[in-house]
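Data block below; observations after.
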4 protein chains.
Amino acid sequence: MHPSLREAVLEANAALFRSGLAAFTFGNASAIDRGANQVVIKPSGIAYTALQVDDLVVTDLDGKVLEGTRRPSSDLATHLALYRAFPTIGGVAHTHSRFATAFAQAGRAIPCLGTTHADYFRGAIPVTDPLSPDVIRGAYEAGTGEAIVQCVGSHDPLEIPAVLVDSHAPFCWGKTVTAAVETAALLEEIAHLAYLTLTLAPGTEGIVTVLRDRHFLRKHGKDAYYGQP
Amino acid sequence: MHPSLREAVLEANAALFRSGLAAFTFGNASAIDRGANQVVIKPSGIAYTALQVDDLVVTDLDGKVLEGTRRPSSDLATHLALYRAFPTIGGVAHTHSRFATAFAQAGRAIPCLGTTHADYFRGAIPVTDPLSPDVIRGAYEAGTGEAIVQCVGSHDPLEIPAVLVDSHAPFCWGKTVTAAVETAALLEEIAHLAYLTLTLAPGTEGIVTVLRDRHFLRKHGKDAYYGQP
Amino acid sequence: MHPSLREAVLEANAALFRSGLAAFTFGNASAIDRGANQVVIKPSGIAYTALQVDDLVVTDLDGKVLEGTRRPSSDLATHLALYRAFPTIGGVAHTHSRFATAFAQAGRAIPCLGTTHADYFRGAIPVTDPLSPDVIRGAYEAGTGEAIVQCVGSHDPLEIPAVLVDSHAPFCWGKTVTAAVETAALLEEIAHLAYLTLTLAPGTEGIVTVLRDRHFLRKHGKDAYYGQP
Amino acid sequence: MHPSLREAVLEANAALFRSGLAAFTFGNASAIDRGANQVVIKPSGIAYTALQVDDLVVTDLDGKVLEGTRRPSSDLATHLALYRAFPTIGGVAHTHSRFATAFAQAGRAIPCLGTTHADYFRGAIPVTDPLSPDVIRGAYEAGTGEAIVQCVGSHDPLEIPAVLVDSHAPFCWGKTVTAAVETAALLEEIAHLAYLTLTLAPGTEGIVTVLRDRHFLRKHGKDAYYGQP
């Protein structure tokens with residue numbers, strides 16, 4: 001595993017904590033080296049403030065530990081399911097950020113209520129179906145990953161780079177682990193806006209598709225004109 | 001473009017970020033030199049923390065770039081529409097500040113619910129009509145400006161120096177770019193108060209006109225007695 | 001006016017700003033020297049960060065300026081009405097703190113919903129009646145003071161040391177200006193708790209009198225046993 | 001009383017204040033030395049910022065002061081009732097943290113709405129019955145402790161290490177005073193999440209038992225696989 005990828009994962013985990021997206025030992029971030037099919041992830045239950053680069057754990061795509069002496073995050077199997085299903089992503093970030101988690105706990109998708117949302121996500125942030133008791137009792141973390149993959153369905157995972165796991169919290173991703181953490185931060189921002197909007201005006205519906213796509217595509221489309229060339 | 005106006009625009013953009021009114025790369029501020037009919041505005045999609053005075057872009061009132069190597073804010077055409085329609089204003093600030101944006105996403109005006117509001121805005125903060133699909137597909141940013149101008153209507157733009165764009169966020173202005181940023185901060189404060197009031201007591205109506213004007217005019221009228229002579 | 005009382009008023013105004021109870025130029029604090037019948041108050045519309053001891057204004061109980069070159073707070077007449085009506089108080093603090101202001105804007109008293117409230121206020125924080133149009137057009141600030149005095153009625157002003165002015169914001173007081181500022185901070189805390197309680201469970205009613213008095217009197221009664229002897 | 005236990009209690013009280021769980025002089029933390037049957041607790045009504053190790057008070061399990069010159073916390077009798085009833089706990093923390101207190105004021109238990117809650121508490125955080133007028137007038141603080149003990153009932157107190165006292169606020173505990181403070185922080189976090197969830201979607205019900213236990217037991221069961229071995 002290349003040292004710079006380890007450093008990026010360490011910094012991504014530190015950023016989750018620093019930005020308030022992951023308190024206590026909640027949350028975790030990982031990255032994949034697609035060439036080597038190796039994943040580097042936060043160890044389980046280590047305080048963010050104590051985390052060192054040597055605490056990180058490297059595994060293969062089946063979860064076999066290749067490097068490191070720590071036990072990997074208990075959510076490893078969820079990350080691996082995402083890397084296997086979404087070949088264009090390079091990083092995953094999981095948080096219990098408050099507003100996104102509130103929607104997950106309510107079992108409600110975050111509708112696209114405005115252009116702030118549409119600037120980053122091309123549609124509602126979906127919520128998974130509840131897991132079956134058998135999955136919960138069995139391969140729970142892998143089953144969580146499969147529920148997320150099913151939820152994304154035929155969407156481009158980079159157009160809706162986050163899913164809420166029912167009764168749990170969000171999983172986010174991006175081309176890199178740094179992008180995955182930025183997705184987590186943007187998701188929390190739009191969840192916050194959506195919470196305020198829906199508590200102020202409970203029946204508010206999503207914006208029209210033409211407005212949603214105008215904003216998404218002015219930033220991300222092939223004719224994007226937002227940002228510098 | 002006079003260096004001091006550039007400096008004021010740089011500082012105004014920095015203030016938007018510092019005060020939490022504009023996170024990520026949301027938002028932008030501009031100023032106009034009325035003598036030269038030149039506008040200076042934030043470049044598109046540059047992080048606030050990286051912004052330098054040389055990144056600012058100077059254009060004429062038709063949006064033609066006169067100075068600078070950056071692409072101007074994608075919202076430039078909205079700013080220009082406001083400068084053309086409101087000859088008394090000298091600066092514009094656009095944010096996605098949370099509480100004001102929640103009202104915009106809900107498509108609801110912010111009613112004047114108390115004297116804090118009336119101290120700065122002589123009436124409700126209006127919300128634009130939704131833009132038509134044709135405008136959204138076409139000259140979207142200019143159309144946004146026109147919707148704001150229509151929304152202000154016959155009001156003095158300095159008595160209600162902010163409008164919520166439906167499904168989007170607020171645009172604010174003032175005699176200077178510094179004043180426009182202060183308007184944005186005051187708008188967020190009164191949106192916050194209105195949110196708390198309306199979630200606590202949903203049917204609350206605006207205050208009586210006599211109280212609204214007493215407060216607005218004791219600060220802004222010709223017989224104002226608030227502040228120092 | 002004794003220098004130490006001026007210093008206490010300067011520090012009280014600084015504390016209002018520092019603690020977030022008064023943003024922008026909202027709010028003001030004053031103290032009275034009962035021996036000399038002189039009041040020292042914040043000047044009108046001066047930024048808290050710029051405020052110097054020489055900016056403070058000393059007046060008599062009719063509002064005649066005795067010392068200072070600044071115009072006194074536009075709310076001076078409200079403060080004076082309180083000092084005249086409540087002989088046991090030594091300081092007044094006015095803020096637009098968010099949660100207390102939300103209740104004022106909603107025209108709702110803050111019910112005593114728990115022991116945190118009862119530890120400091122022996123009953124609901126009342127809200128004034130709306131002012132009449134004649135009072136609003138006329139001696140508005142003095143009329144605000146009279147509405148507060150009427151609202152306190154036969155209560156001991158030191159047992160309920162705060163009132164919400166309808167459609168406006170709270171006025172608080174105490175034996176000293178320092179105590180008045182502490183009242184303002186405690187009021188905001190219990191308004192925050194009441195807001196959360198009432199948005200979570202809208203019909204919640206005030207606690208029983210026996211519990212309210214047990215808490216109030218264990219801190220403030222003649223047999224108080226809270227704190228050090 | 002061993003100096004290190006005093007230090008832990010001083011630090012626990014400091015942490016309550018620093019973390020925002022206890023503002024003003026709200027709240028208190030204590031620890032028990034089970035060998036000596038001695039309890040060390042915060043003194044009553046001393047500002048957290050002024051608190052020194054010598055201000056702490058040591059008592060026996062009947063509340064008799066053994067060491068210290070200060071009056072102990074007025075809530076001492078509540079702490080003692082918990083130490084007598086729950087032999088496995090070593091520390092108690094009482095706060096008026098906002099979201100937990102809002103549930104207490106509403107007289108509502110905090111349902112287990114998601115895995116964040118289930119990671120730390122094996123079920124709803126219960127709320128006591130209202131105290132009777134006789135108890136409120138009489139041995140109020142001891143009666144509060146008895147109400148908490150009754151509320152825990154036959155549960156393992158380390159599986160649900162917190163109770164909301166009706167119309168008051170939470171009491172939390174743990175194997176040590178440090179753990180009790182961590183419980184208080186986690187309780188506030190899950191109360192915050194529950195508040196957001198229930199104001200967004202008022203009818204939300206608790207998660208299924210199988211999911212709750214999967215999360216609780218992966219951290220705390222005999223086959224726990226969360227964290228490092």
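Residues are named by chain letter and number: chains run A, B, ... in the order of the structure tokens, numbers start at 1 in each chain, and ligands are numbered from 1 in the order shown.
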
**Report entry** 8 Å contact set for B:Ala93, only C-alpha atoms, chain neighbours under 5 positions out, as a count of residues only
**Finding:** 11

Excluding D:Ala124 and any residue of its chain fewer than 2 positions from it, enumerate the residues within 7 Å of it, using only C-alpha atoms, and give them as an mmCIF file with C-alpha atoms, in the first residue's frame.
```cif
data_model
loop_
_atom_site.group_PDB
_atom_site.id
_atom_site.type_symbol
_atom_site.label_atom_id
_atom_site.label_comp_id
_atom_site.auth_asym_id
_atom_site.auth_seq_id
_atom_site.Cartn_x
_atom_site.Cartn_y
_atom_site.Cartn_z
ATOM 1 C CA ALA D 109 -38.675 8.409 27.417
ATOM 2 C CA ILE D 110 -36.069 8.554 24.627
ATOM 3 C CA PRO D 111 -36.967 5.666 22.330
ATOM 4 C CA CYS D 112 -34.164 3.670 20.723
ATOM 5 C CA PRO D 126 -36.826 5.708 30.683
#
```

Report task. Apply DSSP to the backbone of this structure and, from stretch 68-165 of chain A, keep only the residues in strand (DSSP E or B); write these as number ranges by chain. Result -> A: 72, 91-94, 110, 125, 127, 162-164

Can you write out the residues you just picked, keeping N, CA and C atoms, as a PDB file, in the first residue's frame?
```pdb
ATOM      1  N   PRO A  72      -9.690  -4.336  11.948  1.00  0.00           N
ATOM      2  CA  PRO A  72     -10.253  -3.268  11.098  1.00  0.00           C
ATOM      3  C   PRO A  72     -11.630  -2.835  11.606  1.00  0.00           C
ATOM      4  N   GLY A  91     -13.016   5.985  -2.678  1.00  0.00           N
ATOM      5  CA  GLY A  91     -13.042   6.175  -1.226  1.00  0.00           C
ATOM      6  C   GLY A  91     -14.452   6.114  -0.686  1.00  0.00           C
ATOM      7  N   VAL A  92     -14.574   5.712   0.581  1.00  0.00           N
ATOM      8  CA  VAL A  92     -15.867   5.612   1.268  1.00  0.00           C
ATOM      9  C   VAL A  92     -15.736   6.300   2.627  1.00  0.00           C
ATOM     10  N   ALA A  93     -16.773   7.039   2.997  1.00  0.00           N
ATOM     11  CA  ALA A  93     -16.801   7.655   4.326  1.00  0.00           C
ATOM     12  C   ALA A  93     -18.153   7.375   4.969  1.00  0.00           C
ATOM     13  N   HIS A  94     -18.094   6.921   6.210  1.00  0.00           N
ATOM     14  CA  HIS A  94     -19.309   6.622   6.975  1.00  0.00           C
ATOM     15  C   HIS A  94     -19.318   7.520   8.208  1.00  0.00           C
ATOM     16  N   ILE A 110     -33.896  12.038   1.680  1.00  0.00           N
ATOM     17  CA  ILE A 110     -33.771  13.504   1.707  1.00  0.00           C
ATOM     18  C   ILE A 110     -34.156  14.006   0.323  1.00  0.00           C
ATOM     19  N   ILE A 125     -31.565  11.804  -1.827  1.00  0.00           N
ATOM     20  CA  ILE A 125     -30.650  10.839  -1.194  1.00  0.00           C
ATOM     21  C   ILE A 125     -31.543   9.719  -0.687  1.00  0.00           C
ATOM     22  N   VAL A 127     -33.035   6.124   0.954  1.00  0.00           N
ATOM     23  CA  VAL A 127     -32.853   5.377   2.196  1.00  0.00           C
ATOM     24  C   VAL A 127     -33.091   3.901   1.883  1.00  0.00           C
ATOM     25  N   ALA A 162     -24.244   9.052  -2.104  1.00  0.00           N
ATOM     26  CA  ALA A 162     -24.548   8.826  -0.682  1.00  0.00           C
ATOM     27  C   ALA A 162     -25.871   8.094  -0.577  1.00  0.00           C
ATOM     28  N   VAL A 163     -25.973   7.259   0.447  1.00  0.00           N
ATOM     29  CA  VAL A 163     -27.223   6.562   0.756  1.00  0.00           C
ATOM     30  C   VAL A 163     -27.395   6.574   2.272  1.00  0.00           C
ATOM     31  N   LEU A 164     -28.644   6.673   2.713  1.00  0.00           N
ATOM     32  CA  LEU A 164     -28.936   6.559   4.140  1.00  0.00           C
ATOM     33  C   LEU A 164     -29.295   5.112   4.442  1.00  0.00           C
TER      34      LEU A 164
END
```

Query - Nearby residues (only C-alpha atoms) at most 10 Å from stretch 201-203 of chain B, same-chain spacing under 5 positions excluded, as a list in words - result: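 Once the adjacent positions are removed, what remains is Leu200 and Ala201 of chain A; Tyr195 and Leu196 of chain B; Ala102, Phe103, Gln105, Ala106, Gly107, Arg108, Leu198, Thr199 and Pro202 of chain C.
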
Residues of the last selection are to be written out with C-alpha atoms, as a CSV table (one decimal), in the first residue's frame.
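Below you can see again.csv, which holds the result:
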```
chain,number,residue,atom,x,y,z
A,200,LEU,CA,-41.0,24.9,8.8
A,201,ALA,CA,-43.2,23.7,5.9
B,195,TYR,CA,-37.9,29.9,12.0
B,196,LEU,CA,-37.9,29.5,15.8
C,102,ALA,CA,-38.9,33.7,19.6
C,103,PHE,CA,-41.4,33.5,22.5
C,105,GLN,CA,-42.5,37.2,18.8
C,106,ALA,CA,-45.0,34.4,19.3
C,107,GLY,CA,-46.7,36.5,22.0
C,108,ARG,CA,-46.3,33.5,24.4
C,198,LEU,CA,-42.6,22.4,23.2
C,199,THR,CA,-41.6,21.6,19.7
C,202,PRO,CA,-46.5,20.7,22.0
```

Requested in this report: Quick one: pull the distance between atom CA of C:Ser132 and atom CA of C:Pro170, Å, one decimal.
Outcome: 18.6 Å

Do you have, as CSV, the list of residues of chain D lying at most 8 Å from chain C, each with its nearest atom pair and that distance in Å to one decimal, counting only C-alpha atoms and ordered by chain then number?
```
residue,atom,partner,partner_atom,distance
D:Pro43,CA,C:Gly227,CA,7.8
D:Ser44,CA,C:Gly227,CA,4.5
D:Gly45,CA,C:Gly227,CA,4.0
D:Ile46,CA,C:Gly227,CA,6.8
D:Arg70,CA,C:Gln228,CA,6.8
D:Arg71,CA,C:Gln228,CA,5.9
D:Ser73,CA,C:Tyr226,CA,7.6
D:Ser74,CA,C:Tyr226,CA,5.8
D:His96,CA,C:Thr116,CA,7.5
D:Arg98,CA,C:Leu193,CA,6.1
D:Phe99,CA,C:Leu196,CA,7.2
D:Thr101,CA,C:Leu193,CA,7.2
D:Ala102,CA,C:Thr197,CA,4.6
D:Phe103,CA,C:Thr197,CA,6.7
D:Gln105,CA,C:Gly114,CA,5.6
D:Ala106,CA,C:Thr197,CA,5.8
D:Pro133,CA,C:Val210,CA,6.6
D:Ile136,CA,C:Leu211,CA,6.2
D:Arg137,CA,C:Arg214,CA,7.0
D:Ser167,CA,C:Gly114,CA,4.6
D:His168,CA,C:Thr115,CA,5.1
D:Tyr195,CA,C:Leu200,CA,6.7
D:Leu198,CA,C:Leu200,CA,7.0
D:Thr199,CA,C:Leu200,CA,6.0
```

Report task. Name all residues at most 7 Å from A:Ser97 (count only C-alpha atoms; drop same-chain ones fewer than 2 positions away) and give them as a ChimeraX atom specification. Result -> /A:21-22,95,99-101,188

Report task. Pick out the closest residue to B:Gly143 from this set: B:Thr25, B:Thr78, B:Thr59, B:Asn37. Count only C-alpha atoms. Result -> B:Thr78
